[in-house]
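Shown here: target.txt, compact mmCIF, N, CA, C and O atoms.
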```txt
# COMPACT_ATOMS: atom_id res chain seq x y z
N MET P 1 0.84 -1.17 0.00
CA MET P 1 0.00 0.00 0.00
C MET P 1 0.89 1.24 0.00
O MET P 1 1.90 1.29 0.70
N LYS P 2 0.50 2.23 -0.77
CA LYS P 2 1.21 3.51 -0.82
C LYS P 2 0.28 4.62 -0.36
O LYS P 2 -0.90 4.62 -0.68
N LYS P 3 0.85 5.57 0.39
CA LYS P 3 0.09 6.73 0.85
C LYS P 3 0.97 7.97 0.76
O LYS P 3 2.18 7.87 0.83
N SER P 4 0.32 9.12 0.65
CA SER P 4 1.01 10.40 0.58
C SER P 4 0.60 11.23 1.78
O SER P 4 -0.58 11.26 2.16
N TYR P 5 1.58 11.93 2.38
CA TYR P 5 1.33 12.74 3.57
C TYR P 5 1.89 14.13 3.38
O TYR P 5 2.99 14.30 2.84
N LYS P 6 1.17 15.12 3.86
CA LYS P 6 1.66 16.50 3.87
C LYS P 6 2.66 16.62 5.01
O LYS P 6 2.44 16.05 6.09
N ILE P 7 3.75 17.33 4.75
CA ILE P 7 4.77 17.53 5.80
C ILE P 7 5.06 19.02 5.94
O ILE P 7 4.72 19.82 5.07
N ASP P 8 5.68 19.35 7.04
CA ASP P 8 6.16 20.71 7.27
C ASP P 8 7.60 20.59 7.72
O ASP P 8 7.90 19.97 8.75
N VAL P 9 8.52 21.13 6.90
CA VAL P 9 9.94 21.06 7.18
C VAL P 9 10.58 22.33 6.62
O VAL P 9 10.11 22.89 5.64
N ASP P 10 11.65 22.80 7.27
CA ASP P 10 12.24 24.10 6.94
C ASP P 10 13.23 24.12 5.79
O ASP P 10 13.40 25.15 5.15
N CYS P 11 13.93 23.02 5.55
CA CYS P 11 14.96 23.06 4.51
C CYS P 11 15.11 21.69 3.84
O CYS P 11 14.67 20.68 4.35
N ALA P 12 15.77 21.71 2.69
CA ALA P 12 15.96 20.48 1.92
C ALA P 12 16.82 19.46 2.67
O ALA P 12 16.58 18.26 2.59
N ALA P 13 17.82 19.94 3.41
CA ALA P 13 18.67 19.02 4.18
C ALA P 13 17.85 18.31 5.26
O ALA P 13 18.04 17.11 5.49
N CYS P 14 16.94 19.04 5.87
CA CYS P 14 16.07 18.44 6.89
C CYS P 14 15.13 17.42 6.26
O CYS P 14 14.86 16.36 6.82
N ALA P 15 14.62 17.74 5.08
CA ALA P 15 13.75 16.82 4.35
C ALA P 15 14.51 15.53 4.03
O ALA P 15 13.95 14.43 4.13
N ASP P 16 15.77 15.65 3.67
CA ASP P 16 16.60 14.48 3.39
C ASP P 16 16.77 13.62 4.64
O ASP P 16 16.69 12.39 4.57
N LYS P 17 16.99 14.26 5.78
CA LYS P 17 17.10 13.51 7.05
C LYS P 17 15.81 12.75 7.33
O LYS P 17 15.84 11.60 7.78
N MET P 18 14.67 13.39 7.06
CA MET P 18 13.38 12.74 7.28
C MET P 18 13.24 11.51 6.37
O MET P 18 12.76 10.47 6.81
N GLU P 19 13.65 11.65 5.11
CA GLU P 19 13.54 10.54 4.17
C GLU P 19 14.39 9.35 4.62
O GLU P 19 13.92 8.21 4.63
N VAL P 20 15.63 9.62 4.99
CA VAL P 20 16.53 8.56 5.44
C VAL P 20 15.95 7.86 6.67
O VAL P 20 15.93 6.63 6.75
N THR P 21 15.46 8.65 7.61
CA THR P 21 14.90 8.10 8.85
C THR P 21 13.64 7.28 8.58
O THR P 21 13.47 6.19 9.13
N ALA P 22 12.76 7.79 7.73
CA ALA P 22 11.53 7.07 7.40
C ALA P 22 11.86 5.72 6.77
O ALA P 22 11.22 4.71 7.09
N ASN P 23 12.85 5.69 5.90
CA ASN P 23 13.22 4.44 5.23
C ASN P 23 13.81 3.41 6.19
O ASN P 23 13.81 2.22 5.89
N LYS P 24 14.30 3.84 7.33
CA LYS P 24 14.85 2.92 8.34
C LYS P 24 13.79 2.42 9.32
O LYS P 24 14.08 1.57 10.15
N THR P 25 12.58 2.96 9.24
CA THR P 25 11.53 2.60 10.19
C THR P 25 10.91 1.26 9.80
O THR P 25 10.52 1.07 8.64
N PRO P 26 10.81 0.32 10.75
CA PRO P 26 10.17 -0.97 10.46
C PRO P 26 8.74 -0.78 9.95
O PRO P 26 7.99 0.05 10.47
N GLY P 27 8.40 -1.53 8.92
CA GLY P 27 7.06 -1.44 8.33
C GLY P 27 7.03 -0.58 7.08
O GLY P 27 6.06 -0.60 6.33
N VAL P 28 8.11 0.18 6.84
CA VAL P 28 8.20 1.04 5.65
C VAL P 28 9.01 0.30 4.59
O VAL P 28 10.17 -0.05 4.81
N LYS P 29 8.39 0.09 3.45
CA LYS P 29 9.08 -0.55 2.33
C LYS P 29 9.93 0.49 1.59
O LYS P 29 11.02 0.19 1.11
N GLY P 30 9.41 1.70 1.50
CA GLY P 30 10.14 2.78 0.84
C GLY P 30 9.46 4.11 1.11
O GLY P 30 8.25 4.18 1.22
N ALA P 31 10.25 5.16 1.24
CA ALA P 31 9.72 6.50 1.49
C ALA P 31 10.51 7.51 0.67
O ALA P 31 11.72 7.39 0.54
N VAL P 32 9.78 8.49 0.13
CA VAL P 32 10.39 9.57 -0.63
C VAL P 32 9.81 10.88 -0.12
O VAL P 32 8.59 11.04 -0.02
N VAL P 33 10.69 11.83 0.22
CA VAL P 33 10.27 13.15 0.68
C VAL P 33 10.60 14.16 -0.41
O VAL P 33 11.73 14.20 -0.90
N ASN P 34 9.62 14.96 -0.78
CA ASN P 34 9.82 16.00 -1.78
C ASN P 34 9.70 17.35 -1.06
O ASN P 34 8.60 17.74 -0.66
N PHE P 35 10.83 18.03 -0.91
CA PHE P 35 10.84 19.30 -0.20
C PHE P 35 10.04 20.37 -0.94
O PHE P 35 9.37 21.19 -0.32
N MET P 36 10.10 20.37 -2.26
CA MET P 36 9.41 21.40 -3.05
C MET P 36 7.89 21.34 -2.89
O MET P 36 7.22 22.37 -2.82
N THR P 37 7.34 20.12 -2.82
CA THR P 37 5.88 19.98 -2.68
C THR P 37 5.46 19.77 -1.23
O THR P 37 4.26 19.71 -0.94
N LEU P 38 6.44 19.61 -0.34
CA LEU P 38 6.19 19.32 1.09
C LEU P 38 5.30 18.09 1.26
O LEU P 38 4.30 18.10 1.98
N LYS P 39 5.71 17.02 0.58
CA LYS P 39 4.98 15.75 0.68
C LYS P 39 5.94 14.60 0.92
O LYS P 39 7.08 14.62 0.47
N MET P 40 5.43 13.62 1.65
CA MET P 40 6.15 12.37 1.87
C MET P 40 5.29 11.25 1.32
O MET P 40 4.12 11.12 1.69
N LYS P 41 5.86 10.48 0.40
CA LYS P 41 5.16 9.31 -0.13
C LYS P 41 5.77 8.08 0.52
O LYS P 41 6.99 7.91 0.50
N VAL P 42 4.90 7.24 1.08
CA VAL P 42 5.36 6.07 1.82
C VAL P 42 4.71 4.82 1.25
O VAL P 42 3.49 4.78 1.03
N GLU P 43 5.54 3.80 1.00
CA GLU P 43 5.03 2.48 0.65
C GLU P 43 5.28 1.58 1.86
O GLU P 43 6.39 1.55 2.40
N PHE P 44 4.24 0.88 2.26
CA PHE P 44 4.29 0.07 3.48
C PHE P 44 4.51 -1.40 3.15
O PHE P 44 4.11 -1.88 2.10
N ASP P 45 5.15 -2.10 4.10
CA ASP P 45 5.30 -3.55 3.98
C ASP P 45 3.93 -4.21 3.98
O ASP P 45 2.98 -3.67 4.58
N GLU P 46 3.83 -5.34 3.35
CA GLU P 46 2.59 -6.11 3.30
C GLU P 46 2.12 -6.43 4.73
O GLU P 46 2.89 -6.90 5.56
N GLY P 47 0.88 -6.11 5.02
CA GLY P 47 0.29 -6.42 6.32
C GLY P 47 0.65 -5.45 7.44
O GLY P 47 0.26 -5.66 8.59
N ALA P 48 1.37 -4.39 7.13
CA ALA P 48 1.76 -3.42 8.17
C ALA P 48 0.56 -2.61 8.64
O ALA P 48 -0.34 -2.31 7.85
N ASP P 49 0.55 -2.27 9.91
CA ASP P 49 -0.47 -1.38 10.48
C ASP P 49 -0.05 0.05 10.15
O ASP P 49 0.84 0.62 10.80
N VAL P 50 -0.68 0.62 9.13
CA VAL P 50 -0.27 1.92 8.58
C VAL P 50 -0.24 3.00 9.65
O VAL P 50 0.73 3.75 9.76
N LYS P 51 -1.26 3.10 10.45
CA LYS P 51 -1.33 4.15 11.47
C LYS P 51 -0.18 4.02 12.48
O LYS P 51 0.50 5.00 12.80
N SER P 52 0.06 2.82 12.94
CA SER P 52 1.13 2.58 13.89
C SER P 52 2.51 2.87 13.28
O SER P 52 3.37 3.49 13.92
N VAL P 53 2.71 2.41 12.05
CA VAL P 53 3.98 2.66 11.38
C VAL P 53 4.22 4.16 11.22
O VAL P 53 5.31 4.66 11.48
N MET P 54 3.19 4.90 10.81
CA MET P 54 3.35 6.34 10.61
C MET P 54 3.58 7.08 11.92
O MET P 54 4.30 8.07 11.95
N GLU P 55 3.01 6.61 13.02
CA GLU P 55 3.30 7.21 14.32
C GLU P 55 4.78 7.01 14.66
O GLU P 55 5.44 7.91 15.18
N ASN P 56 5.32 5.82 14.32
CA ASN P 56 6.75 5.56 14.54
C ASN P 56 7.61 6.40 13.61
O ASN P 56 8.66 6.91 14.04
N VAL P 57 7.19 6.56 12.35
CA VAL P 57 7.92 7.41 11.41
C VAL P 57 7.98 8.84 11.96
O VAL P 57 9.05 9.46 11.98
N ARG P 58 6.85 9.36 12.41
CA ARG P 58 6.82 10.72 12.96
C ARG P 58 7.75 10.85 14.16
O ARG P 58 8.54 11.79 14.25
N ALA P 59 7.66 9.90 15.08
CA ALA P 59 8.51 9.94 16.28
C ALA P 59 9.99 9.87 15.91
O ALA P 59 10.81 10.62 16.46
N ASN P 60 10.34 9.01 14.96
CA ASN P 60 11.73 8.87 14.54
C ASN P 60 12.22 10.13 13.83
O ASN P 60 13.36 10.56 14.04
N CYS P 61 11.37 10.72 13.02
CA CYS P 61 11.75 11.95 12.32
C CYS P 61 11.96 13.10 13.31
O CYS P 61 12.86 13.92 13.14
N LYS P 62 11.13 13.16 14.34
CA LYS P 62 11.28 14.21 15.36
C LYS P 62 12.60 14.08 16.11
O LYS P 62 13.13 15.07 16.61
N LYS P 63 13.16 12.86 16.18
CA LYS P 63 14.44 12.65 16.85
C LYS P 63 15.58 13.29 16.06
O LYS P 63 16.54 13.79 16.64
N VAL P 64 15.49 13.27 14.72
CA VAL P 64 16.57 13.84 13.90
C VAL P 64 16.30 15.28 13.49
O VAL P 64 17.22 16.02 13.18
N GLU P 65 15.03 15.68 13.49
CA GLU P 65 14.65 17.04 13.12
C GLU P 65 13.42 17.44 13.92
O GLU P 65 12.29 17.21 13.50
N ASP P 66 13.65 18.00 15.12
CA ASP P 66 12.56 18.20 16.08
C ASP P 66 11.48 19.19 15.65
O ASP P 66 10.37 19.16 16.19
N ASP P 67 11.75 20.06 14.68
CA ASP P 67 10.71 21.01 14.28
C ASP P 67 9.97 20.59 13.00
O ASP P 67 9.21 21.36 12.44
N CYS P 68 10.15 19.35 12.57
CA CYS P 68 9.41 18.86 11.40
C CYS P 68 8.04 18.34 11.85
O CYS P 68 7.79 18.11 13.03
N GLU P 69 7.14 18.19 10.89
CA GLU P 69 5.81 17.65 11.18
C GLU P 69 5.34 16.82 10.00
O GLU P 69 5.61 17.15 8.84
N ILE P 70 4.66 15.73 10.31
CA ILE P 70 4.01 14.88 9.32
C ILE P 70 2.54 14.86 9.69
O ILE P 70 2.19 14.50 10.81
N PHE P 71 1.69 15.26 8.78
CA PHE P 71 0.26 15.31 9.05
C PHE P 71 -0.37 13.98 8.67
O PHE P 71 -0.57 13.69 7.50
N ILE P 72 -0.63 13.18 9.69
CA ILE P 72 -1.15 11.82 9.50
C ILE P 72 -2.66 11.86 9.40
O ILE P 72 -3.33 12.47 10.17
```
Mind turning this structure into C-alpha cells?
Amino acid sequence: MKKSYKIDVDCAACADKMEVTANKTPGVKGAVVNFMTLKMKVEFDEGADVKSVMENVRANCKKVEDDCEIFI
C-alpha cells in the first residue's frame, strides 16, 4: 500500500534527514520526501499497520529534526 502525507519542514537538508529516517523505520518498504511539494510518499510492507507505522515514522523523524511535522 502507498500513501502520501503533507509535511512541514524548513529546509531540503532536513527533508533528506526525514527521508533517510523514514526508510529505516520498520514497516516502511520505501519512502520519498519532496521538499518542493512538502509531501512524503510512503510504501508500506505487506500487512503493516499503517497508522502505527506512521506514528513511529513521525517519532523517529522528530528525533533527527525536532521542528518537522508529518500530518497523518
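With only N, CA, C and O atoms as the basis for measurement, P:Met40 is the residue among P:Val32, P:Glu46, P:Asp16, P:Met40 that approaches Ser4 in chain P most closely.
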Exercise. Once you count only C-alpha atoms, which residues end up no further than 10 Å from (7.1, 10.5, 7.3) in the file's frame, shown as a PyMOL selection string?
Worked result: chain P and resi 4-7+15+18-23+25+28+31-33+39-42+53-62+68-72
With N, CA, C and O atoms retained, write the just-selected residues as a tab-separated table (two decimals), in the frame of the given file.
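Just written: part.tsv:
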```
chain	number	residue	atom	x	y	z
P	4	SER	N	0.32	9.12	0.65
P	4	SER	CA	1.01	10.40	0.58
P	4	SER	C	0.60	11.23	1.78
P	4	SER	O	-0.58	11.26	2.16
P	5	TYR	N	1.58	11.93	2.38
P	5	TYR	CA	1.33	12.74	3.57
P	5	TYR	C	1.89	14.13	3.38
P	5	TYR	O	2.99	14.30	2.84
P	6	LYS	N	1.17	15.12	3.86
P	6	LYS	CA	1.66	16.50	3.87
P	6	LYS	C	2.66	16.62	5.01
P	6	LYS	O	2.44	16.05	6.09
P	7	ILE	N	3.75	17.33	4.75
P	7	ILE	CA	4.77	17.53	5.80
P	7	ILE	C	5.06	19.02	5.94
P	7	ILE	O	4.72	19.82	5.07
P	15	ALA	N	14.62	17.74	5.08
P	15	ALA	CA	13.75	16.82	4.35
P	15	ALA	C	14.51	15.53	4.03
P	15	ALA	O	13.95	14.43	4.13
P	18	MET	N	14.67	13.39	7.06
P	18	MET	CA	13.38	12.74	7.28
P	18	MET	C	13.24	11.51	6.37
P	18	MET	O	12.76	10.47	6.81
P	19	GLU	N	13.65	11.65	5.11
P	19	GLU	CA	13.54	10.54	4.17
P	19	GLU	C	14.39	9.35	4.62
P	19	GLU	O	13.92	8.21	4.63
P	20	VAL	N	15.63	9.62	4.99
P	20	VAL	CA	16.53	8.56	5.44
P	20	VAL	C	15.95	7.86	6.67
P	20	VAL	O	15.93	6.63	6.75
P	21	THR	N	15.46	8.65	7.61
P	21	THR	CA	14.90	8.10	8.85
P	21	THR	C	13.64	7.28	8.58
P	21	THR	O	13.47	6.19	9.13
P	22	ALA	N	12.76	7.79	7.73
P	22	ALA	CA	11.53	7.07	7.40
P	22	ALA	C	11.86	5.72	6.77
P	22	ALA	O	11.22	4.71	7.09
P	23	ASN	N	12.85	5.69	5.90
P	23	ASN	CA	13.22	4.44	5.23
P	23	ASN	C	13.81	3.41	6.19
P	23	ASN	O	13.81	2.22	5.89
P	25	THR	N	12.58	2.96	9.24
P	25	THR	CA	11.53	2.60	10.19
P	25	THR	C	10.91	1.26	9.80
P	25	THR	O	10.52	1.07	8.64
P	28	VAL	N	8.11	0.18	6.84
P	28	VAL	CA	8.20	1.04	5.65
P	28	VAL	C	9.01	0.30	4.59
P	28	VAL	O	10.17	-0.05	4.81
P	31	ALA	N	10.25	5.16	1.24
P	31	ALA	CA	9.72	6.50	1.49
P	31	ALA	C	10.51	7.51	0.67
P	31	ALA	O	11.72	7.39	0.54
P	32	VAL	N	9.78	8.49	0.13
P	32	VAL	CA	10.39	9.57	-0.63
P	32	VAL	C	9.81	10.88	-0.12
P	32	VAL	O	8.59	11.04	-0.02
P	33	VAL	N	10.69	11.83	0.22
P	33	VAL	CA	10.27	13.15	0.68
P	33	VAL	C	10.60	14.16	-0.41
P	33	VAL	O	11.73	14.20	-0.90
P	39	LYS	N	5.71	17.02	0.58
P	39	LYS	CA	4.98	15.75	0.68
P	39	LYS	C	5.94	14.60	0.92
P	39	LYS	O	7.08	14.62	0.47
P	40	MET	N	5.43	13.62	1.65
P	40	MET	CA	6.15	12.37	1.87
P	40	MET	C	5.29	11.25	1.32
P	40	MET	O	4.12	11.12	1.69
P	41	LYS	N	5.86	10.48	0.40
P	41	LYS	CA	5.16	9.31	-0.13
P	41	LYS	C	5.77	8.08	0.52
P	41	LYS	O	6.99	7.91	0.50
P	42	VAL	N	4.90	7.24	1.08
P	42	VAL	CA	5.36	6.07	1.82
P	42	VAL	C	4.71	4.82	1.25
P	42	VAL	O	3.49	4.78	1.03
P	53	VAL	N	2.71	2.41	12.05
P	53	VAL	CA	3.98	2.66	11.38
P	53	VAL	C	4.22	4.16	11.22
P	53	VAL	O	5.31	4.66	11.48
P	54	MET	N	3.19	4.90	10.81
P	54	MET	CA	3.35	6.34	10.61
P	54	MET	C	3.58	7.08	11.92
P	54	MET	O	4.30	8.07	11.95
P	55	GLU	N	3.01	6.61	13.02
P	55	GLU	CA	3.30	7.21	14.32
P	55	GLU	C	4.78	7.01	14.66
P	55	GLU	O	5.44	7.91	15.18
P	56	ASN	N	5.32	5.82	14.32
P	56	ASN	CA	6.75	5.56	14.54
P	56	ASN	C	7.61	6.40	13.61
P	56	ASN	O	8.66	6.91	14.04
P	57	VAL	N	7.19	6.56	12.35
P	57	VAL	CA	7.92	7.41	11.41
P	57	VAL	C	7.98	8.84	11.96
P	57	VAL	O	9.05	9.46	11.98
P	58	ARG	N	6.85	9.36	12.41
P	58	ARG	CA	6.82	10.72	12.96
P	58	ARG	C	7.75	10.85	14.16
P	58	ARG	O	8.54	11.79	14.25
P	59	ALA	N	7.66	9.90	15.08
P	59	ALA	CA	8.51	9.94	16.28
P	59	ALA	C	9.99	9.87	15.91
P	59	ALA	O	10.81	10.62	16.46
P	60	ASN	N	10.34	9.01	14.96
P	60	ASN	CA	11.73	8.87	14.54
P	60	ASN	C	12.22	10.13	13.83
P	60	ASN	O	13.36	10.56	14.04
P	61	CYS	N	11.37	10.72	13.02
P	61	CYS	CA	11.75	11.95	12.32
P	61	CYS	C	11.96	13.10	13.31
P	61	CYS	O	12.86	13.92	13.14
P	62	LYS	N	11.13	13.16	14.34
P	62	LYS	CA	11.28	14.21	15.36
P	62	LYS	C	12.60	14.08	16.11
P	62	LYS	O	13.13	15.07	16.61
P	68	CYS	N	10.15	19.35	12.57
P	68	CYS	CA	9.41	18.86	11.40
P	68	CYS	C	8.04	18.34	11.85
P	68	CYS	O	7.79	18.11	13.03
P	69	GLU	N	7.14	18.19	10.89
P	69	GLU	CA	5.81	17.65	11.18
P	69	GLU	C	5.34	16.82	10.00
P	69	GLU	O	5.61	17.15	8.84
P	70	ILE	N	4.66	15.73	10.31
P	70	ILE	CA	4.01	14.88	9.32
P	70	ILE	C	2.54	14.86	9.69
P	70	ILE	O	2.19	14.50	10.81
P	71	PHE	N	1.69	15.26	8.78
P	71	PHE	CA	0.26	15.31	9.05
P	71	PHE	C	-0.37	13.98	8.67
P	71	PHE	O	-0.57	13.69	7.50
P	72	ILE	N	-0.63	13.18	9.69
P	72	ILE	CA	-1.15	11.82	9.50
P	72	ILE	C	-2.66	11.86	9.40
P	72	ILE	O	-3.33	12.47	10.17
```
For this session: Find, counting only C-alpha atoms, the residue in P:Lys24, P:Gly47, P:Asp67, P:Ser52 that gets nearest to Asp8 in chain P.
Result: P:Asp67
Exercise. Quick one: DSSP strand (DSSP E or B) residues in chain P, as a list in words?
Worked result: Lys2, Lys3, Ser4, Tyr5, Lys6, Ile7, Asp8, Val28, Lys29, Gly30, Ala31, Val32, Val33, Asn34, Lys39, Met40, Lys41, Val42, Glu43, Phe44, Glu69, Ile70 and Phe71 of chain P
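The closest residue to Lys2 in chain P, picked from P:Asn34, P:Pro26, P:Lys17, P:Ala48 and counting only C-alpha atoms, is P:Ala48.
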Problem set entry | 8 Å contact set for Asp45 in chain P, only C-alpha atoms, chain neighbours under 4 positions out, as a PyMOL selection string | chain P and resi 1+27-29
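Interatomic distance, CA of Val50 in chain P to CA of Cys11 in chain P: 26.4 Å.
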For this session: Using only C-alpha atoms, give me every residue within 8 Å of (12.4, 22.4, 3.2) in file coordinates, as a ChimeraX atom specification.
Result: /P:8-15,35-36,38
What residues in chain P get the DSSP label helix (DSSP H, G or I)? Please answer as a compact mmCIF listing (two decimals) with N, CA, C and O atoms, keeping the file's coordinate frame.
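What follows is the written file part.txt:
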```
# COMPACT_ATOMS: atom_id res chain seq x y z
N ALA P 12 15.77 21.71 2.69
CA ALA P 12 15.96 20.48 1.92
C ALA P 12 16.82 19.46 2.67
O ALA P 12 16.58 18.26 2.59
N ALA P 13 17.82 19.94 3.41
CA ALA P 13 18.67 19.02 4.18
C ALA P 13 17.85 18.31 5.26
O ALA P 13 18.04 17.11 5.49
N CYS P 14 16.94 19.04 5.87
CA CYS P 14 16.07 18.44 6.89
C CYS P 14 15.13 17.42 6.26
O CYS P 14 14.86 16.36 6.82
N ALA P 15 14.62 17.74 5.08
CA ALA P 15 13.75 16.82 4.35
C ALA P 15 14.51 15.53 4.03
O ALA P 15 13.95 14.43 4.13
N ASP P 16 15.77 15.65 3.67
CA ASP P 16 16.60 14.48 3.39
C ASP P 16 16.77 13.62 4.64
O ASP P 16 16.69 12.39 4.57
N LYS P 17 16.99 14.26 5.78
CA LYS P 17 17.10 13.51 7.05
C LYS P 17 15.81 12.75 7.33
O LYS P 17 15.84 11.60 7.78
N MET P 18 14.67 13.39 7.06
CA MET P 18 13.38 12.74 7.28
C MET P 18 13.24 11.51 6.37
O MET P 18 12.76 10.47 6.81
N GLU P 19 13.65 11.65 5.11
CA GLU P 19 13.54 10.54 4.17
C GLU P 19 14.39 9.35 4.62
O GLU P 19 13.92 8.21 4.63
N VAL P 20 15.63 9.62 4.99
CA VAL P 20 16.53 8.56 5.44
C VAL P 20 15.95 7.86 6.67
O VAL P 20 15.93 6.63 6.75
N THR P 21 15.46 8.65 7.61
CA THR P 21 14.90 8.10 8.85
C THR P 21 13.64 7.28 8.58
O THR P 21 13.47 6.19 9.13
N ALA P 22 12.76 7.79 7.73
CA ALA P 22 11.53 7.07 7.40
C ALA P 22 11.86 5.72 6.77
O ALA P 22 11.22 4.71 7.09
N ASN P 23 12.85 5.69 5.90
CA ASN P 23 13.22 4.44 5.23
C ASN P 23 13.81 3.41 6.19
O ASN P 23 13.81 2.22 5.89
N LYS P 24 14.30 3.84 7.33
CA LYS P 24 14.85 2.92 8.34
C LYS P 24 13.79 2.42 9.32
O LYS P 24 14.08 1.57 10.15
N VAL P 50 -0.68 0.62 9.13
CA VAL P 50 -0.27 1.92 8.58
C VAL P 50 -0.24 3.00 9.65
O VAL P 50 0.73 3.75 9.76
N LYS P 51 -1.26 3.10 10.45
CA LYS P 51 -1.33 4.15 11.47
C LYS P 51 -0.18 4.02 12.48
O LYS P 51 0.50 5.00 12.80
N SER P 52 0.06 2.82 12.94
CA SER P 52 1.13 2.58 13.89
C SER P 52 2.51 2.87 13.28
O SER P 52 3.37 3.49 13.92
N VAL P 53 2.71 2.41 12.05
CA VAL P 53 3.98 2.66 11.38
C VAL P 53 4.22 4.16 11.22
O VAL P 53 5.31 4.66 11.48
N MET P 54 3.19 4.90 10.81
CA MET P 54 3.35 6.34 10.61
C MET P 54 3.58 7.08 11.92
O MET P 54 4.30 8.07 11.95
N GLU P 55 3.01 6.61 13.02
CA GLU P 55 3.30 7.21 14.32
C GLU P 55 4.78 7.01 14.66
O GLU P 55 5.44 7.91 15.18
N ASN P 56 5.32 5.82 14.32
CA ASN P 56 6.75 5.56 14.54
C ASN P 56 7.61 6.40 13.61
O ASN P 56 8.66 6.91 14.04
N VAL P 57 7.19 6.56 12.35
CA VAL P 57 7.92 7.41 11.41
C VAL P 57 7.98 8.84 11.96
O VAL P 57 9.05 9.46 11.98
N ARG P 58 6.85 9.36 12.41
CA ARG P 58 6.82 10.72 12.96
C ARG P 58 7.75 10.85 14.16
O ARG P 58 8.54 11.79 14.25
N ALA P 59 7.66 9.90 15.08
CA ALA P 59 8.51 9.94 16.28
C ALA P 59 9.99 9.87 15.91
O ALA P 59 10.81 10.62 16.46
N ASN P 60 10.34 9.01 14.96
CA ASN P 60 11.73 8.87 14.54
C ASN P 60 12.22 10.13 13.83
O ASN P 60 13.36 10.56 14.04
N CYS P 61 11.37 10.72 13.02
CA CYS P 61 11.75 11.95 12.32
C CYS P 61 11.96 13.10 13.31
O CYS P 61 12.86 13.92 13.14
N LYS P 62 11.13 13.16 14.34
CA LYS P 62 11.28 14.21 15.36
C LYS P 62 12.60 14.08 16.11
O LYS P 62 13.13 15.07 16.61
N LYS P 63 13.16 12.86 16.18
CA LYS P 63 14.44 12.65 16.85
C LYS P 63 15.58 13.29 16.06
O LYS P 63 16.54 13.79 16.64
N VAL P 64 15.49 13.27 14.72
CA VAL P 64 16.57 13.84 13.90
C VAL P 64 16.30 15.28 13.49
O VAL P 64 17.22 16.02 13.18
```
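Separating atom C of Lys51 in chain P from CA of Gly30 in chain P is a distance of 15.6 Å.
The gap separating atom N of Lys3 in chain P from atom O of Asp49 in chain P is 11.5 Å, in Å to one decimal.
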